[in-house]
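> Okay, handing you the structure first.
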Amino acid sequence: MLSKKMNKVNIKKIAVLTTGGDCPGLNAAVRAVVRSGIYYKLEVLGVVRGYEGLIDNNFIEMKSHSVSNILQRGGTVLKTARSDRFMKPEGRQKAFENISAAGVDALVVLGGDGSFRGMDVFTSEHKVRSVGIPKTIDNDIYGTDFAIGYDTAVNTVVQAIDKIRDTADSHDRLFFVEVMGRDAGMIALFGGIGSGAEAILIPETNTRIERIVEILERGWSRKKTSMIVIVAEGDDAGGAYEIARSVKQRFKQFDTRVSILGHVQRGGSPSCADRVLASRLGVSAVEALLEGRNNVMLGLIDNKLSYTSYKDVASRKKEFPSELMRIAEILSL
Ligand code: ATP
């Protein structure tokens, strides 16, 4: 535990922002940053709409009561945004001027890999102190085992597929369920194992229609009364509709349906795991700043705090747990 007096770089005022795509657990993290900032006698500002708010000088004062009763709420009370203006040097210059004018000594940035790529550029041009906290439902950020939002999203997927399984089973249907993941198959992988899907199609592996047909025929010969194929939206063979069409031509035994889960995966009350992760990273982010850490993203690796430079977060690829694909395949027999 950091002593209340320990403030190696003399930080007095911090600002917290949420940027990029939204996800459940952001409010829990904002609350943790605000409350721990106050605990360490700092002034805390919130930035409305991420990097857009920095450019528009949209800062609000955050007190302990500003974050009352938000821990359990999805979305973000600070709002989030993507910012084309921050991609340009003039936008970043304006952001820097506003940060300096507001007397902000350091930022806590809740973002995904795109946001940290932005911070890498920003901090190479301007003297800005910051730490990042990883959030994304895709869980594809290098430097942490889990990002805020992923656990809730994957639980939403499992609950939805359990419901789809009930109706699929009653009508002897084959369902193709599309989940989020343009470049990453982590939602499909965990969601597929957690719901007992017959096949999991993800961008990280090559999808062969013949192989899916083989798996489905095997299930049919075992007298399965329903089957679920989970498809990450960025799968190389196309989206769920396209894959369902190709499979249907070769495998006619089942009545086939497609369900696209869409934005429900981004919303909802955060799971306990996400609330705890967000709380832990939020407090640790403030402590990291006070200890003098700078321009790094905090993460948890093997349940221990880790610090990764923005450059590494932006340029390195998180290892995909391919071992779990093998497990999924064994269990779908
Ligand atoms: P998520 O994965 O949840 O979508 P993200 O942080 O990856 O979150 P992005 O839309 O990729 O979301 O990035 C958020 C913002 O970061 C962008 O809108 C842009 O303002 C900024 N950003 C991204 N890349 C750069 C860059 N190369 N230079 C400057 N800013 C950038």
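Naming works like this for the structure tokens: A, B, ... for the chains as they're shown, residue 1 at the start of each chain, ligands 1 onward in shown order.
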Output as a tab-separated table one row per residue of chain A within 7 Å of ligand 1: the closest atom pair and its distance in Å to one decimal place, counting only C-alpha atoms and all ligand atoms, sorted by chain and residue number ascending.

```
residue	atom	partner	partner_atom_place_in_ligand_line	distance
A:Thr19	CA	ligand 1	14 (C)	5.7
A:Gly20	CA	ligand 1	12 (O)	3.6
A:Gly21	CA	ligand 1	3 (O)	3.7
A:Asp22	CA	ligand 1	3 (O)	6.0
A:Tyr51	CA	ligand 1	20 (O)	6.1
A:Ala81	CA	ligand 1	18 (O)	6.7
A:Arg82	CA	ligand 1	18 (O)	3.3
A:Ser83	CA	ligand 1	20 (O)	3.7
A:Asp84	CA	ligand 1	20 (O)	5.3
A:Arg85	CA	ligand 1	20 (O)	6.7
A:Phe86	CA	ligand 1	20 (O)	4.6
A:Met87	CA	ligand 1	29 (C)	3.8
A:Lys88	CA	ligand 1	29 (C)	6.7
A:Gly111	CA	ligand 1	6 (O)	4.5
A:Gly112	CA	ligand 1	6 (O)	3.2
A:Asp113	CA	ligand 1	7 (O)	4.3
A:Gly114	CA	ligand 1	11 (O)	3.4
A:Ser115	CA	ligand 1	16 (O)	3.6
A:Phe116	CA	ligand 1	6 (O)	6.5
A:Arg117	CA	ligand 1	24 (N)	5.0
A:Gly118	CA	ligand 1	30 (N)	3.3
A:Met119	CA	ligand 1	30 (N)	6.8
A:Val121	CA	ligand 1	28 (N)	5.7
A:Phe122	CA	ligand 1	29 (C)	6.9
A:Lys135	CA	ligand 1	3 (O)	6.4
A:Thr136	CA	ligand 1	3 (O)	4.4
A:Ile137	CA	ligand 1	3 (O)	6.8
```
> Give the alpha helix (DSSP H) residues of stretch 2-181 of chain A, as DSSP finds them on the backbone, and put them as number ranges by chain.
A: 26-39, 50-55, 89-101, 113-125, 150-171
> Show which residues sit within 6 Å of stretch 301-318 of chain A, as a compact mmCIF listing (two decimals) with N, CA, C and O atoms, in the first residue's frame. Count only C-alpha atoms, and ignore same-chain residues fewer than 3 positions away.

```
# COMPACT_ATOMS: atom_id res chain seq x y z
N ASP A 113 -6.64 -0.69 -27.93
CA ASP A 113 -5.31 -0.54 -28.53
C ASP A 113 -5.20 0.70 -29.42
O ASP A 113 -4.15 1.34 -29.48
N PHE A 116 -4.47 3.68 -27.28
CA PHE A 116 -3.08 3.72 -26.78
C PHE A 116 -2.10 4.03 -27.92
O PHE A 116 -1.04 4.62 -27.68
N ARG A 117 -2.47 3.65 -29.15
CA ARG A 117 -1.66 4.09 -30.31
C ARG A 117 -1.71 5.62 -30.36
O ARG A 117 -0.71 6.29 -30.57
N ASP A 120 0.47 7.06 -27.69
CA ASP A 120 1.89 6.91 -28.03
C ASP A 120 2.33 8.10 -28.90
O ASP A 120 3.37 8.71 -28.67
N TYR A 142 -2.70 -6.36 -26.17
CA TYR A 142 -1.42 -6.89 -25.69
C TYR A 142 -1.09 -6.30 -24.32
O TYR A 142 -1.32 -5.12 -24.08
N GLY A 143 -0.57 -7.14 -23.40
CA GLY A 143 -0.11 -6.61 -22.12
C GLY A 143 -1.07 -6.85 -20.96
O GLY A 143 -0.82 -6.35 -19.86
N THR A 144 -2.13 -7.59 -21.20
CA THR A 144 -3.02 -7.95 -20.08
C THR A 144 -3.76 -9.25 -20.43
O THR A 144 -4.08 -9.48 -21.61
N ASP A 145 -3.98 -10.08 -19.43
CA ASP A 145 -4.74 -11.31 -19.71
C ASP A 145 -6.20 -10.96 -20.01
O ASP A 145 -6.82 -11.57 -20.88
N VAL A 296 2.45 4.26 -19.69
CA VAL A 296 2.35 2.80 -19.74
C VAL A 296 0.89 2.40 -19.53
O VAL A 296 0.11 3.14 -18.93
N MET A 297 0.56 1.25 -20.06
CA MET A 297 -0.77 0.67 -19.80
C MET A 297 -0.63 -0.35 -18.69
O MET A 297 0.26 -1.20 -18.71
N LEU A 298 -1.54 -0.25 -17.73
CA LEU A 298 -1.56 -1.24 -16.66
C LEU A 298 -2.32 -2.47 -17.14
O LEU A 298 -3.25 -2.35 -17.92
```
> Which residue gives the smallest distance to A:Ser271 among A:Asp255, A:Asp151, A:Asp172, A:Asp162, with only C-alpha atoms counted?
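Smallest separation from A:Ser271 among the options: A:Asp151.
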> Find the residues around stretch 34-36 of chain A up to 9 Å (only C-alpha atoms counted), leave out those fewer than 6 positions away in its own chain, and share them as a list in words.
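The residues that qualify are Ala15, Val16, Leu42, Glu43, Val44, Leu45, Gly46, Met62, Lys63, Ser64, Ser66, Val67, Gly282, Val283, Ser284, Val286 and Glu287 of chain A.
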> Here is a test: counting only C-alpha atoms, which residue of A:Leu300, A:Ala199, A:Leu261, A:Leu290 is nearest to A:Ala278?
A:Leu300
> Among stretch 193-288 of chain A, which residues does DSSP mark as strand (DSSP E or B) when it is run on the backbone? Keep the chain and numbering as in the structure and answer as a PyMOL selection string.
chain A and resi 199-201+227-232+255-260
> Quick one: residues within 6 Å of A:Gly191, only C-alpha atoms, excluding same-chain residues fewer than 5 positions away - as a list in words?
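So, after excluding close chain neighbours, the residues are Val154, Val157 and Val158 of chain A.
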> Selection from above, C-alpha atoms, as a PDB file, in the first residue's frame, can you write it?

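Writing done, so here's selection-v5.pdb:
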```pdb
ATOM      1  CA  VAL A 154     -18.919 -13.203 -23.050  1.00  0.00           C
ATOM      2  CA  VAL A 157     -23.230 -14.283 -25.334  1.00  0.00           C
ATOM      3  CA  VAL A 158     -23.486 -17.469 -23.271  1.00  0.00           C
TER       4      VAL A 158
END
```
> Leaving out A:Gln253 and any residue of its chain fewer than 6 positions from it, which residues lie within 10 Å of it when counting only C-alpha atoms, given as a list in words?
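Final neighbour list, sorted by chain and number: Asp172, Arg173, Leu174, Leu216, Glu217 and Trp220 of chain A.
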> May I have the residues from that selection written out with N, CA and C atoms, as a PDB file, in the first residue's frame?

```pdb
ATOM      1  N   ASP A 172     -35.653 -28.862 -33.606  1.00  0.00           N
ATOM      2  CA  ASP A 172     -34.574 -29.564 -34.334  1.00  0.00           C
ATOM      3  C   ASP A 172     -33.914 -28.629 -35.336  1.00  0.00           C
ATOM      4  N   ARG A 173     -33.388 -27.523 -34.858  1.00  0.00           N
ATOM      5  CA  ARG A 173     -32.819 -26.524 -35.775  1.00  0.00           C
ATOM      6  C   ARG A 173     -31.303 -26.390 -35.613  1.00  0.00           C
ATOM      7  N   LEU A 174     -30.710 -25.943 -36.710  1.00  0.00           N
ATOM      8  CA  LEU A 174     -29.292 -25.587 -36.710  1.00  0.00           C
ATOM      9  C   LEU A 174     -29.213 -24.053 -36.707  1.00  0.00           C
ATOM     10  N   LEU A 216     -21.124 -31.205 -38.543  1.00  0.00           N
ATOM     11  CA  LEU A 216     -22.586 -31.232 -38.427  1.00  0.00           C
ATOM     12  C   LEU A 216     -23.122 -32.632 -38.765  1.00  0.00           C
ATOM     13  N   GLU A 217     -22.528 -33.271 -39.788  1.00  0.00           N
ATOM     14  CA  GLU A 217     -22.980 -34.624 -40.153  1.00  0.00           C
ATOM     15  C   GLU A 217     -22.712 -35.613 -39.017  1.00  0.00           C
ATOM     16  N   TRP A 220     -25.380 -35.038 -36.531  1.00  0.00           N
ATOM     17  CA  TRP A 220     -26.649 -35.581 -37.056  1.00  0.00           C
ATOM     18  C   TRP A 220     -26.683 -37.096 -36.852  1.00  0.00           C
TER      19      TRP A 220
END
```
> With a distance cut-off of 9 Å and only C-alpha atoms, select the neighbouring residues of A:Arg73, excluding the residue or stretch itself and same-chain residues fewer than 6 positions from it, and output the selection as a PyMOL selection string.
chain A and resi 24-28+268-270
> Write out, as a PDB file, in the first residue's frame, the residues just selected, with N, CA and C atoms.

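Heads up, here's the output in part.pdb:
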```pdb
ATOM      1  N   PRO A  24     -19.117  -2.647 -20.889  1.00  0.00           N
ATOM      2  CA  PRO A  24     -19.504  -2.656 -19.474  1.00  0.00           C
ATOM      3  C   PRO A  24     -18.267  -2.616 -18.578  1.00  0.00           C
ATOM      4  N   GLY A  25     -18.362  -1.908 -17.462  1.00  0.00           N
ATOM      5  CA  GLY A  25     -17.249  -1.847 -16.501  1.00  0.00           C
ATOM      6  C   GLY A  25     -16.521  -0.516 -16.533  1.00  0.00           C
ATOM      7  N   LEU A  26     -16.829   0.332 -17.534  1.00  0.00           N
ATOM      8  CA  LEU A  26     -16.152   1.636 -17.596  1.00  0.00           C
ATOM      9  C   LEU A  26     -16.496   2.483 -16.375  1.00  0.00           C
ATOM     10  N   ASN A  27     -17.776   2.451 -15.989  1.00  0.00           N
ATOM     11  CA  ASN A  27     -18.175   3.267 -14.831  1.00  0.00           C
ATOM     12  C   ASN A  27     -17.484   2.807 -13.549  1.00  0.00           C
ATOM     13  N   ALA A  28     -17.328   1.499 -13.424  1.00  0.00           N
ATOM     14  CA  ALA A  28     -16.653   0.965 -12.228  1.00  0.00           C
ATOM     15  C   ALA A  28     -15.212   1.483 -12.184  1.00  0.00           C
ATOM     16  N   GLY A 268     -25.248  -3.473 -20.791  1.00  0.00           N
ATOM     17  CA  GLY A 268     -25.635  -4.262 -19.626  1.00  0.00           C
ATOM     18  C   GLY A 268     -24.762  -4.014 -18.415  1.00  0.00           C
ATOM     19  N   SER A 269     -25.297  -4.476 -17.302  1.00  0.00           N
ATOM     20  CA  SER A 269     -24.619  -4.336 -16.023  1.00  0.00           C
ATOM     21  C   SER A 269     -23.347  -5.196 -16.021  1.00  0.00           C
ATOM     22  N   PRO A 270     -22.196  -4.637 -15.600  1.00  0.00           N
ATOM     23  CA  PRO A 270     -20.965  -5.429 -15.639  1.00  0.00           C
ATOM     24  C   PRO A 270     -21.005  -6.627 -14.689  1.00  0.00           C
TER      25      PRO A 270
END
```
> From the list A:Gln72, A:Thr225, A:Thr167, A:Thr18, which residue is nearest A:Gly132 when using only C-alpha atoms?
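Of A:Gln72, A:Thr225, A:Thr167, A:Thr18, the one nearest A:Gly132, counting only C-alpha atoms, is A:Thr18.
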> May I ask which of the residues A:Leu289, A:Ile164, A:Met325, A:Ile60 is the closest one to A:Val33, counting only C-alpha atoms?
A:Leu289
> May I ask for the distance between atom CA of A:Asp235 and atom CA of A:Phe176, given in Å to one decimal place?
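If I compute the distance from atom CA of A:Asp235 to atom CA of A:Phe176, I get 12.7 Å.
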> For A:Phe320, which of A:Ser279, A:Ser100, A:Thr123, A:Thr205 is the closest residue, counting only C-alpha atoms?
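The closest residue to A:Phe320 is A:Thr205.
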> Name the closest residue to A:Phe190 among the candidates A:Val231, A:Val109, A:Val9, A:Cys23; distances are taken between atoms, counting only C-alpha atoms.
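Among the listed residues, the smallest separation from A:Phe190 belongs to A:Val231.
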